[in-house]
>>> print(open('model06.txt').read())   # compact mmCIF, C-alpha atoms
# COMPACT_ATOMS: atom_id res chain seq x y z
CA MET A 69 -62.59 76.83 10.38
CA MET A 70 -63.85 77.63 13.87
CA PRO A 71 -61.48 78.09 16.82
CA ILE A 72 -60.81 74.93 18.82
CA THR A 73 -62.35 76.49 21.93
CA ASP A 74 -65.61 77.16 20.08
CA PHE A 75 -65.62 73.61 18.75
CA LEU A 76 -65.18 72.12 22.22
CA THR A 77 -68.05 74.23 23.56
CA ALA A 78 -70.35 73.20 20.70
CA ILE A 79 -69.50 69.49 20.86
CA LYS A 80 -70.11 69.48 24.61
CA GLU A 81 -73.43 71.33 24.44
CA ASN A 82 -74.94 70.02 21.19
CA GLY A 83 -72.94 66.85 20.64
CA TRP A 84 -72.21 67.53 16.96
CA VAL A 85 -70.55 70.12 14.74
CA HIS A 86 -70.99 70.60 10.99
CA PHE A 87 -67.91 71.65 8.99
CA LYS A 88 -68.62 72.84 5.45
CA GLN A 89 -66.68 72.12 2.26
CA CYS A 90 -63.75 70.24 3.79
CA LEU A 91 -62.98 68.13 0.69
CA GLU A 92 -62.39 69.23 -2.87
CA PRO A 93 -64.80 67.80 -5.49
CA ALA A 94 -62.17 65.66 -7.26
CA PHE A 95 -61.31 63.85 -4.02
CA VAL A 96 -65.01 63.36 -3.23
CA ASP A 97 -65.44 61.75 -6.66
CA GLU A 98 -62.54 59.35 -5.95
CA LEU A 99 -64.02 58.37 -2.61
CA ASN A 100 -67.47 57.91 -4.10
CA SER A 101 -66.20 55.62 -6.85
CA ALA A 102 -64.18 53.56 -4.37
CA LEU A 103 -67.14 53.25 -2.01
CA VAL A 104 -69.35 51.83 -4.77
CA THR A 105 -66.69 49.25 -5.67
CA THR A 106 -66.15 48.32 -2.03
CA TYR A 107 -69.89 47.93 -1.45
CA GLU A 108 -70.02 45.23 -4.10
CA ILE A 109 -67.29 43.32 -2.23
CA CYS A 110 -69.01 43.72 1.14
CA ARG A 111 -72.44 42.87 -0.25
CA ASN A 112 -71.24 39.62 -1.77
CA ILE A 113 -69.81 38.56 1.60
CA GLN A 114 -72.97 39.64 3.44
CA LEU A 115 -75.09 37.51 1.12
CA ARG A 116 -72.70 34.55 1.25
CA ASN A 117 -72.77 34.56 5.05
CA GLY A 118 -76.53 34.93 5.36
CA LEU A 119 -76.59 38.58 6.41
CA ALA A 120 -78.82 39.97 3.68
CA GLY A 121 -81.50 41.29 6.03
CA ASN A 122 -81.47 45.10 6.60
CA THR A 123 -77.78 45.43 5.61
CA ASP A 124 -78.52 46.92 2.18
CA GLY A 125 -76.17 49.82 1.50
CA THR A 126 -73.90 49.23 4.49
CA VAL A 127 -70.13 49.04 3.92
CA HIS A 128 -67.63 48.04 6.60
CA HIS A 129 -63.87 48.32 7.06
CA VAL A 130 -62.96 49.95 3.78
CA LEU A 131 -59.41 50.74 4.88
CA GLY A 132 -57.05 48.54 2.88
CA GLN A 133 -59.60 47.74 0.19
CA GLN A 134 -59.00 50.80 -1.99
CA PRO A 135 -55.89 53.08 -1.87
CA VAL A 136 -57.97 56.26 -1.65
CA PHE A 137 -59.26 55.29 1.81
CA LEU A 138 -55.72 55.07 3.17
CA GLN A 139 -55.08 58.41 1.50
CA PHE A 140 -58.04 59.81 3.43
CA ILE A 141 -56.42 58.72 6.72
CA LYS A 142 -53.02 60.07 5.66
CA ARG A 143 -54.52 63.52 5.08
CA LEU A 144 -57.06 63.18 7.88
CA GLU A 145 -59.30 66.21 7.86
CA LEU A 146 -60.07 67.93 11.16
CA HIS A 147 -57.38 66.02 13.05
CA ASP A 148 -56.75 68.91 15.44
CA TYR A 149 -60.42 69.00 16.39
CA ILE A 150 -60.57 65.25 17.00
CA LYS A 151 -57.40 65.39 19.09
CA SER A 152 -58.80 68.27 21.15
CA PHE A 153 -61.97 66.26 21.85
CA PHE A 154 -60.00 63.43 23.47
CA SER A 155 -57.12 65.57 24.79
CA VAL A 156 -55.00 62.38 24.55
CA PRO A 157 -53.80 60.29 21.58
CA TYR A 158 -56.60 58.49 19.73
CA ILE A 159 -56.97 55.66 17.20
CA LEU A 160 -59.25 54.70 14.37
CA ASN A 161 -61.93 52.38 15.75
CA SER A 162 -63.84 51.72 12.52
CA PHE A 163 -63.95 52.97 8.94
CA GLY A 164 -67.05 52.21 6.92
CA GLY A 165 -69.63 53.80 4.71
CA VAL A 166 -73.33 54.02 4.03
CA ILE A 167 -75.10 54.06 0.69
CA ASN A 168 -78.61 55.22 1.52
CA LEU A 169 -80.52 53.42 -1.20
CA PRO A 170 -83.84 54.70 -2.58
CA HIS A 171 -86.81 53.34 -0.65
CA LYS A 172 -84.69 50.78 1.25
CA ALA A 173 -84.03 51.20 4.95
CA SER A 174 -81.00 49.52 6.56
CA TYR A 175 -80.31 49.22 10.29
CA VAL A 176 -78.67 52.67 10.30
CA CYS A 177 -82.15 54.15 9.87
CA ASN A 178 -83.02 53.02 13.39
CA MET A 179 -82.54 55.52 16.19
CA HIS A 180 -79.27 54.59 17.89
CA ARG A 181 -76.00 55.75 19.34
CA ASP A 182 -72.65 54.13 18.58
CA ILE A 183 -71.41 53.49 22.09
CA ARG A 184 -73.42 51.42 24.55
CA THR A 185 -72.04 52.68 27.85
CA PHE A 186 -72.52 56.23 29.09
CA TYR A 187 -69.25 57.92 30.10
CA ASN A 188 -68.45 61.29 31.61
CA ILE A 189 -65.20 61.57 29.65
CA PRO A 190 -64.88 61.52 25.84
CA MET A 191 -64.51 57.89 24.76
CA MET A 192 -65.50 57.79 21.11
CA MET A 193 -66.16 60.25 18.29
CA ASN A 194 -67.92 59.74 14.95
CA MET A 195 -67.09 61.35 11.64
CA LEU A 196 -69.69 61.58 8.88
CA VAL A 197 -68.28 62.51 5.47
CA MET A 198 -70.88 63.59 2.94
CA LEU A 199 -70.08 62.21 -0.51
CA ASP A 200 -73.37 63.46 -1.94
CA ASP A 201 -75.54 66.39 -0.99
CA PHE A 202 -77.66 65.60 2.08
CA THR A 203 -81.27 66.71 1.72
CA LEU A 204 -84.51 66.05 3.56
CA GLU A 205 -85.66 64.03 0.56
CA ASN A 206 -82.66 61.69 0.39
CA GLY A 207 -82.46 60.99 4.11
CA ALA A 208 -80.32 63.63 5.81
CA THR A 209 -79.23 62.27 9.19
CA TYR A 210 -81.22 63.03 12.33
CA PHE A 211 -79.24 64.31 15.36
CA LEU A 212 -80.88 64.86 18.73
CA SER A 213 -78.80 67.80 19.90
CA GLY A 214 -77.70 67.60 23.52
CA SER A 215 -78.55 63.91 23.91
CA ASN A 216 -74.86 63.23 24.55
CA LYS A 217 -75.33 64.68 28.04
CA TYR A 218 -77.90 62.12 29.23
CA ASP A 219 -77.78 58.38 29.78
CA GLU A 220 -81.46 57.77 29.07
CA ARG A 221 -82.68 56.48 25.72
CA PRO A 222 -85.03 59.11 24.25
CA ASP A 223 -88.57 58.29 23.30
CA GLU A 224 -88.64 57.68 19.54
CA ILE A 225 -91.63 59.96 18.93
CA TYR A 226 -89.83 62.74 20.80
CA PHE A 227 -86.64 61.98 18.87
CA TYR A 228 -88.18 62.40 15.42
CA GLU A 229 -90.15 65.47 16.47
CA HIS A 230 -87.17 67.30 17.98
CA ALA A 231 -84.05 66.03 16.20
CA ASP A 232 -82.14 68.35 13.88
CA ARG A 233 -81.39 67.30 10.31
CA ALA A 234 -77.88 67.32 8.84
CA ILE A 235 -78.53 69.07 5.54
CA GLY A 236 -75.31 69.76 3.66
CA LYS A 237 -73.20 69.51 0.53
CA ALA A 238 -70.86 66.84 -0.78
CA GLY A 239 -67.51 67.44 0.88
CA ASP A 240 -69.00 68.54 4.22
CA ILE A 241 -67.94 66.68 7.37
CA ILE A 242 -69.76 66.28 10.67
CA LEU A 243 -67.98 65.35 13.88
CA PHE A 244 -70.15 64.11 16.71
CA ASP A 245 -69.84 62.58 20.14
CA SER A 246 -70.71 58.89 19.83
CA LEU A 247 -73.16 59.33 22.73
CA VAL A 248 -75.46 61.40 20.50
CA TRP A 249 -78.64 59.61 19.46
CA HIS A 250 -79.02 59.75 15.69
CA ALA A 251 -80.51 57.96 12.69
CA ALA A 252 -80.25 58.05 8.94
CA GLY A 253 -83.37 59.35 7.26
CA LYS A 254 -85.35 57.51 4.59
CA ASN A 255 -84.34 58.17 1.01
CA THR A 256 -87.48 58.98 -0.97
CA THR A 257 -85.63 60.02 -4.16
CA ASP A 258 -84.59 57.81 -7.06
CA LYS A 259 -80.83 58.22 -6.43
CA ALA A 260 -78.51 56.76 -3.80
CA ARG A 261 -77.03 59.05 -1.14
CA ARG A 262 -73.50 58.11 -0.04
CA ALA A 263 -71.32 58.87 2.96
CA LEU A 264 -68.26 57.64 4.81
CA THR A 265 -68.70 56.78 8.47
CA LEU A 266 -65.68 56.64 10.76
CA THR A 267 -65.27 56.30 14.51
CA PHE A 268 -62.26 57.25 16.63
CA SER A 269 -61.63 56.13 20.18
CA ARG A 270 -59.15 56.13 23.04
CA PRO A 271 -56.34 53.68 22.29
CA PHE A 272 -57.26 51.14 24.98
CA MET A 273 -60.57 50.41 23.24
CA LYS A 274 -60.55 47.49 20.81
CA GLN A 275 -60.64 48.37 17.14
CA GLN A 276 -63.52 46.72 15.29
CA LEU A 277 -60.92 45.31 12.89
CA ASP A 278 -57.17 44.91 13.39
CA TYR A 279 -56.19 47.71 11.01
CA PRO A 280 -52.41 47.50 11.60
CA ARG A 281 -52.49 43.79 10.75
CA LEU A 282 -54.74 44.48 7.76
CA ILE A 283 -52.41 47.17 6.41
CA GLY A 284 -49.36 45.12 7.38
CA TYR A 285 -47.18 45.17 10.50
CA ASP A 286 -44.18 45.51 8.21
CA ARG A 287 -45.44 48.94 7.15
CA ASN A 288 -45.14 50.37 10.65
CA ASN A 289 -41.88 52.05 9.66
CA ASP A 290 -42.91 53.08 6.16
CA GLU A 291 -41.61 56.55 5.33
CA GLU A 292 -45.00 57.31 3.77
CA PHE A 293 -46.61 57.11 7.23
CA SER A 294 -46.05 60.01 9.57
CA GLU A 295 -46.00 59.34 13.30
CA GLU A 296 -49.47 60.85 13.43
CA VAL A 297 -50.79 58.39 10.80
CA ARG A 298 -49.24 55.42 12.59
CA GLN A 299 -50.94 56.55 15.78
CA VAL A 300 -54.36 56.89 14.13
CA ILE A 301 -54.20 53.54 12.30
CA GLY A 302 -53.35 51.88 15.62
CA TYR A 303 -49.71 50.86 15.25
CA ASN A 304 -48.97 52.29 18.70
CA ALA A 305 -51.76 50.38 20.44
CA ARG A 306 -51.34 46.79 19.26
CA VAL A 307 -51.63 43.65 21.41
CA PRO A 308 -48.59 41.36 21.64
CA VAL A 309 -49.17 37.65 21.04
CA ASP A 310 -46.15 36.14 22.80
CA LEU A 311 -43.56 36.93 25.47
CA ASP A 312 -40.93 37.96 22.95
CA GLU A 313 -43.27 40.67 21.68
CA TRP A 314 -44.15 41.59 25.27
CA TYR A 315 -40.60 41.97 26.58
CA GLN A 316 -39.41 44.88 24.47
CA PRO A 317 -37.90 48.28 25.26
CA PRO A 318 -40.44 51.16 25.18
CA ALA A 319 -39.60 52.24 21.62
CA LYS A 320 -40.37 48.76 20.27
CA ARG A 321 -43.39 47.85 22.37
CA PHE A 322 -46.62 46.97 20.65
CA TYR A 323 -48.56 49.17 23.08
CA LYS A 324 -46.49 52.34 23.31
CA PRO A 325 -46.24 54.60 26.36
CA GLY A 326 -48.44 57.69 26.53
CA GLN A 327 -51.54 56.20 24.93
CA GLY A 328 -53.87 57.57 27.57
>>> encode(input="model06.txt", output="structure tokens")
Amino acid sequence: MMPITDFLTAIKENGWVHFKQCLEPAFVDELNSALVTTYEICRNIQLRNGLAGNTDGTVHHVLGQQPVFLQFIKRLELHDYIKSFFSVPYILNSFGGVINLPHKASYVCNMHRDIRTFYNIPMMMNMLVMLDDFTLENGATYFLSGSNKYDERPDEIYFYEHADRAIGKAGDIILFDSLVWHAAGKNTTDKARRALTLTFSRPFMKQQLDYPRLIGYDRNNDEEFSEEVRQVIGYNARVPVDLDEWYQPPAKRFYKPGQG
């Protein structure tokens, strides 16, 4: 692993850093199997609610659906690098996945960035976990290096001519500033290409789903959760719903001191 100082320089200048072989093959297989099962659940709900258009292969909020995803958070890879990016405590903002299906483009294939407002301090970071090899043929992600430093939306022709491609192996992980413009490539092979997609943010930003409530407020004191895991899931940055929850000593507050 690279020194933290080198990581901070690279993430500031290029906006993304590729870490190789972070996960052992057996764990990748577990995650892959769980993602396929979870996609079936998400797809049924998408279809039932009339959201079939361009959502093929997209999976949202997997935490709590399969035990292995909670295990991923409990052993969170590259935590020290994520923490150094924010320099303050951070929380999980979203935890999803993408199954890049052959010859089917979902909305993630559009050039985009995952935070709408341009900030001069780190606000959100993405994690891309490769569950299959990423190749040019199966749609390796485009990253426009350095685009995290500018507020302007790049011209799409320029983007596709100058963006780097995230070619890698199953088990690799990419961390990138959410201000980086990126896009999934088109999968021209006959096999699906899978990945986990997570975002982390400063604690005052709303989570896309209430993960502490999903996992269970009663599990806040579970011995299986370290203080670090409780922080990442969001147990230290909850919103009280009544005055009794509001008027609590610091140790019992829903939004704990020191959240940044």
>>> residues_around(input="model06.txt", residues="Tyr218 (chain A)", least_positions_apart="2", cutoff="10 Å", atoms="only C-alpha atoms", output="list of chain:residue names")
A:Phe186, A:Tyr187, A:Asn188, A:Gly214, A:Ser215, A:Asn216, A:Glu220, A:Arg221, A:Pro222, A:Leu247, A:Val248
>>> closest_atom_pairs(input="model06.txt", of="region 123-208 of chain A", to="region 258-280 of chain A", cutoff="6 Å", atoms="only C-alpha atoms", output="CSV")
residue,atom,partner,partner_atom,distance
A:Tyr158,CA,A:Arg270,CA,4.8
A:Ile159,CA,A:Pro271,CA,5.5
A:Leu160,CA,A:Phe268,CA,4.5
A:Asn161,CA,A:Gln275,CA,4.4
A:Ser162,CA,A:Thr267,CA,5.2
A:Phe163,CA,A:Leu266,CA,4.4
A:Gly164,CA,A:Thr265,CA,5.1
A:Gly165,CA,A:Leu264,CA,4.1
A:Val166,CA,A:Ala263,CA,5.4
A:Ile167,CA,A:Arg262,CA,4.4
A:Asn168,CA,A:Arg261,CA,4.9
A:Leu169,CA,A:Ala260,CA,4.7
A:Pro170,CA,A:Asp258,CA,5.5
A:Met191,CA,A:Ser269,CA,5.7
A:Met192,CA,A:Ser269,CA,4.3
A:Met193,CA,A:Phe268,CA,5.2
A:Asn194,CA,A:Thr267,CA,4.4
A:Met195,CA,A:Leu266,CA,5.0
A:Leu196,CA,A:Thr265,CA,4.9
A:Val197,CA,A:Leu264,CA,4.9
A:Met198,CA,A:Ala263,CA,4.7
A:Leu199,CA,A:Ala263,CA,5.0
A:Asp200,CA,A:Arg262,CA,5.7
>>> write_last_selection(input="model06.txt", atoms="C-alpha atoms", output="CSV table (one decimal), in the frame of the given file")
chain,number,residue,atom,x,y,z
A,158,TYR,CA,-56.6,58.5,19.7
A,159,ILE,CA,-57.0,55.7,17.2
A,160,LEU,CA,-59.2,54.7,14.4
A,161,ASN,CA,-61.9,52.4,15.8
A,162,SER,CA,-63.8,51.7,12.5
A,163,PHE,CA,-64.0,53.0,8.9
A,164,GLY,CA,-67.0,52.2,6.9
A,165,GLY,CA,-69.6,53.8,4.7
A,166,VAL,CA,-73.3,54.0,4.0
A,167,ILE,CA,-75.1,54.1,0.7
A,168,ASN,CA,-78.6,55.2,1.5
A,169,LEU,CA,-80.5,53.4,-1.2
A,170,PRO,CA,-83.8,54.7,-2.6
A,191,MET,CA,-64.5,57.9,24.8
A,192,MET,CA,-65.5,57.8,21.1
A,193,MET,CA,-66.2,60.2,18.3
A,194,ASN,CA,-67.9,59.7,15.0
A,195,MET,CA,-67.1,61.4,11.6
A,196,LEU,CA,-69.7,61.6,8.9
A,197,VAL,CA,-68.3,62.5,5.5
A,198,MET,CA,-70.9,63.6,2.9
A,199,LEU,CA,-70.1,62.2,-0.5
A,200,ASP,CA,-73.4,63.5,-1.9
>>> residues_around(input="model06.txt", residues="Ala208 (chain A)", least_positions_apart="4", cutoff="10 Å", atoms="only C-alpha atoms", output="list in words")
Asn168, Met198, Asp201, Phe202, Thr203, Leu204, Asp232, Arg233, Ala234, Ile235, Gly236, Ala251, Ala252, Gly253, Lys254, Asn255 and Arg261 of chain A
>>> closest_residue(input="model06.txt", among="A:Tyr149, A:Asp312, A:Asp124, A:Pro190", to="His171 (chain A)", atoms="all atoms listed in the file")
A:Asp124
>>> atom_distance(input="model06.txt", atom1="CA of Met70 (chain A)", atom2="CA of Thr209 (chain A)")
22.2 Å
>>> closest_atom_pairs(input="model06.txt", of="region 229-278 of chain A", to="region 143-147 of chain A", cutoff="10 Å", atoms="only C-alpha atoms", output="Markdown table")
| residue | atom | partner | partner_atom | distance |
| --- | --- | --- | --- | --- |
| A:Ile241 | CA | A:Glu145 | CA | 8.7 |
| A:Ile242 | CA | A:Leu146 | CA | 9.8 |
| A:Leu243 | CA | A:Leu146 | CA | 8.8 |
>>> build_atoms(input="model06.txt", residues="region 208-219 of chain A", atoms="all heavy atoms", output="PDB file, in the coordinates of the input")
ATOM      1  N   ALA A 208     -81.294  62.949   4.957  1.00  0.00           N
ATOM      2  CA  ALA A 208     -80.320  63.630   5.810  1.00  0.00           C
ATOM      3  C   ALA A 208     -80.426  63.116   7.243  1.00  0.00           C
ATOM      4  O   ALA A 208     -81.524  62.925   7.776  1.00  0.00           O
ATOM      5  CB  ALA A 208     -80.554  65.142   5.775  1.00  0.00           C
ATOM      6  N   THR A 209     -79.291  62.889   7.867  1.00  0.00           N
ATOM      7  CA  THR A 209     -79.230  62.270   9.190  1.00  0.00           C
ATOM      8  C   THR A 209     -79.925  63.106  10.264  1.00  0.00           C
ATOM      9  O   THR A 209     -79.838  64.331  10.268  1.00  0.00           O
ATOM     10  CB  THR A 209     -77.752  62.042   9.578  1.00  0.00           C
ATOM     11  OG1 THR A 209     -77.110  61.290   8.550  1.00  0.00           O
ATOM     12  CG2 THR A 209     -77.645  61.285  10.897  1.00  0.00           C
ATOM     13  N   TYR A 210     -80.622  62.413  11.156  1.00  0.00           N
ATOM     14  CA  TYR A 210     -81.220  63.030  12.330  1.00  0.00           C
ATOM     15  C   TYR A 210     -80.190  63.052  13.465  1.00  0.00           C
ATOM     16  O   TYR A 210     -79.536  62.038  13.737  1.00  0.00           O
ATOM     17  CB  TYR A 210     -82.424  62.232  12.832  1.00  0.00           C
ATOM     18  CG  TYR A 210     -83.641  62.214  11.946  1.00  0.00           C
ATOM     19  CD1 TYR A 210     -83.772  61.289  10.911  1.00  0.00           C
ATOM     20  CD2 TYR A 210     -84.707  63.092  12.169  1.00  0.00           C
ATOM     21  CE1 TYR A 210     -84.906  61.243  10.118  1.00  0.00           C
ATOM     22  CE2 TYR A 210     -85.854  63.054  11.386  1.00  0.00           C
ATOM     23  CZ  TYR A 210     -85.944  62.124  10.366  1.00  0.00           C
ATOM     24  OH  TYR A 210     -87.079  62.074   9.567  1.00  0.00           O
ATOM     25  N   PHE A 211     -80.068  64.199  14.152  1.00  0.00           N
ATOM     26  CA  PHE A 211     -79.240  64.310  15.360  1.00  0.00           C
ATOM     27  C   PHE A 211     -80.072  64.954  16.457  1.00  0.00           C
ATOM     28  O   PHE A 211     -80.586  66.057  16.272  1.00  0.00           O
ATOM     29  CB  PHE A 211     -78.004  65.177  15.105  1.00  0.00           C
ATOM     30  CG  PHE A 211     -76.946  64.535  14.247  1.00  0.00           C
ATOM     31  CD1 PHE A 211     -76.758  64.942  12.938  1.00  0.00           C
ATOM     32  CD2 PHE A 211     -76.135  63.534  14.754  1.00  0.00           C
ATOM     33  CE1 PHE A 211     -75.788  64.355  12.138  1.00  0.00           C
ATOM     34  CE2 PHE A 211     -75.157  62.935  13.971  1.00  0.00           C
ATOM     35  CZ  PHE A 211     -74.983  63.350  12.664  1.00  0.00           C
ATOM     36  N   LEU A 212     -80.177  64.270  17.589  1.00  0.00           N
ATOM     37  CA  LEU A 212     -80.880  64.860  18.730  1.00  0.00           C
ATOM     38  C   LEU A 212     -79.861  65.654  19.543  1.00  0.00           C
ATOM     39  O   LEU A 212     -79.122  65.106  20.378  1.00  0.00           O
ATOM     40  CB  LEU A 212     -81.535  63.773  19.588  1.00  0.00           C
ATOM     41  CG  LEU A 212     -82.412  64.292  20.732  1.00  0.00           C
ATOM     42  CD1 LEU A 212     -83.547  65.174  20.200  1.00  0.00           C
ATOM     43  CD2 LEU A 212     -82.985  63.131  21.547  1.00  0.00           C
ATOM     44  N   SER A 213     -79.800  66.933  19.275  1.00  0.00           N
ATOM     45  CA  SER A 213     -78.800  67.800  19.900  1.00  0.00           C
ATOM     46  C   SER A 213     -78.905  67.754  21.421  1.00  0.00           C
ATOM     47  O   SER A 213     -80.000  67.819  21.987  1.00  0.00           O
ATOM     48  CB  SER A 213     -78.973  69.238  19.417  1.00  0.00           C
ATOM     49  OG  SER A 213     -78.763  69.320  18.030  1.00  0.00           O
ATOM     50  N   GLY A 214     -77.757  67.628  22.067  1.00  0.00           N
ATOM     51  CA  GLY A 214     -77.700  67.600  23.520  1.00  0.00           C
ATOM     52  C   GLY A 214     -77.922  66.240  24.145  1.00  0.00           C
ATOM     53  O   GLY A 214     -77.749  66.083  25.368  1.00  0.00           O
ATOM     54  N   SER A 215     -78.275  65.241  23.344  1.00  0.00           N
ATOM     55  CA  SER A 215     -78.550  63.910  23.910  1.00  0.00           C
ATOM     56  C   SER A 215     -77.288  63.216  24.391  1.00  0.00           C
ATOM     57  O   SER A 215     -77.356  62.194  25.080  1.00  0.00           O
ATOM     58  CB  SER A 215     -79.287  63.027  22.889  1.00  0.00           C
ATOM     59  OG  SER A 215     -78.535  62.877  21.699  1.00  0.00           O
ATOM     60  N   ASN A 216     -76.129  63.767  24.052  1.00  0.00           N
ATOM     61  CA  ASN A 216     -74.860  63.230  24.550  1.00  0.00           C
ATOM     62  C   ASN A 216     -74.672  63.458  26.046  1.00  0.00           C
ATOM     63  O   ASN A 216     -73.798  62.846  26.665  1.00  0.00           O
ATOM     64  CB  ASN A 216     -73.688  63.863  23.801  1.00  0.00           C
ATOM     65  CG  ASN A 216     -73.730  65.384  23.850  1.00  0.00           C
ATOM     66  OD1 ASN A 216     -74.701  65.987  23.416  1.00  0.00           O
ATOM     67  ND2 ASN A 216     -72.681  66.016  24.349  1.00  0.00           N
ATOM     68  N   LYS A 217     -75.500  64.324  26.627  1.00  0.00           N
ATOM     69  CA  LYS A 217     -75.330  64.680  28.040  1.00  0.00           C
ATOM     70  C   LYS A 217     -76.169  63.810  28.980  1.00  0.00           C
ATOM     71  O   LYS A 217     -76.082  63.958  30.198  1.00  0.00           O
ATOM     72  CB  LYS A 217     -75.694  66.154  28.249  1.00  0.00           C
ATOM     73  CG  LYS A 217     -74.751  67.108  27.519  1.00  0.00           C
ATOM     74  CD  LYS A 217     -75.054  68.560  27.816  1.00  0.00           C
ATOM     75  CE  LYS A 217     -76.326  69.031  27.133  1.00  0.00           C
ATOM     76  NZ  LYS A 217     -76.546  70.497  27.303  1.00  0.00           N
ATOM     77  N   TYR A 218     -76.977  62.897  28.413  1.00  0.00           N
ATOM     78  CA  TYR A 218     -77.900  62.120  29.230  1.00  0.00           C
ATOM     79  C   TYR A 218     -77.781  60.631  28.913  1.00  0.00           C
ATOM     80  O   TYR A 218     -77.628  60.233  27.758  1.00  0.00           O
ATOM     81  CB  TYR A 218     -79.332  62.593  29.002  1.00  0.00           C
ATOM     82  CG  TYR A 218     -79.491  64.085  29.189  1.00  0.00           C
ATOM     83  CD1 TYR A 218     -79.557  64.931  28.078  1.00  0.00           C
ATOM     84  CD2 TYR A 218     -79.546  64.645  30.462  1.00  0.00           C
ATOM     85  CE1 TYR A 218     -79.671  66.306  28.240  1.00  0.00           C
ATOM     86  CE2 TYR A 218     -79.668  66.018  30.633  1.00  0.00           C
ATOM     87  CZ  TYR A 218     -79.733  66.845  29.522  1.00  0.00           C
ATOM     88  OH  TYR A 218     -79.837  68.199  29.684  1.00  0.00           O
ATOM     89  N   ASP A 219     -77.904  59.827  29.942  1.00  0.00           N
ATOM     90  CA  ASP A 219     -77.780  58.380  29.780  1.00  0.00           C
ATOM     91  C   ASP A 219     -79.051  57.754  29.215  1.00  0.00           C
ATOM     92  O   ASP A 219     -79.015  56.707  28.575  1.00  0.00           O
ATOM     93  CB  ASP A 219     -77.441  57.755  31.145  1.00  0.00           C
ATOM     94  CG  ASP A 219     -77.033  56.296  31.021  1.00  0.00           C
ATOM     95  OD1 ASP A 219     -76.740  55.856  29.897  1.00  0.00           O
ATOM     96  OD2 ASP A 219     -77.005  55.596  32.051  1.00  0.00           O
TER      97      ASP A 219
END
